[in-house]
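Student: Quick one: this structure, given as structure tokens, is what I'll be asking you about.
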Amino acid sequence: MPAPRNFPTSSGRAVREVQNSGRPVAQVARHLGTRCEALRLWVRQRVFAQEDVVAKRLEGRVSPASASSRRSR
């Protein structure tokens, strides 16, 4: 049976720590006890989601209020 995986209580918390701390993904992953590649994927997904909201806002399809409510999720 494989060893249980250690995930942070919230992937969002881990992504925010990478984005706000300026520390490398590998270092944050070690600190939180999660796999480096999983955290790297979460960061990449967050960046793509943010770029999508910005692009839609520029096209006039998303109001700034709804875009900020998405980020707080």
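Numbering starts fresh at 1 for the residues of each chain in the structure tokens, the chains themselves are lettered A, B, ... in the order given, and ligands are numbered from 1 as they appear.
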Hey, what's within 9 Å of Ala29 (chain A) if we count only C-alpha atoms and toss same-chain stuff fewer than 6 positions away? As number ranges by chain, please?
Tutor: A: 14, 18, 35-40
Student: Please list as a ChimeraX atom specification every residue within 12 Å of Glu17 (chain A), counting only C-alpha atoms and excluding residues in the same chain fewer than 5 positions away.
Tutor: /A:8,10-12,22-29,31-32,39,42-43
Student: May I ask which of the residues A:Val15, A:Leu58, A:Ser21, A:Gly33 is the closest one to Arg46 (chain A), counting only C-alpha atoms?
Tutor: A:Val15
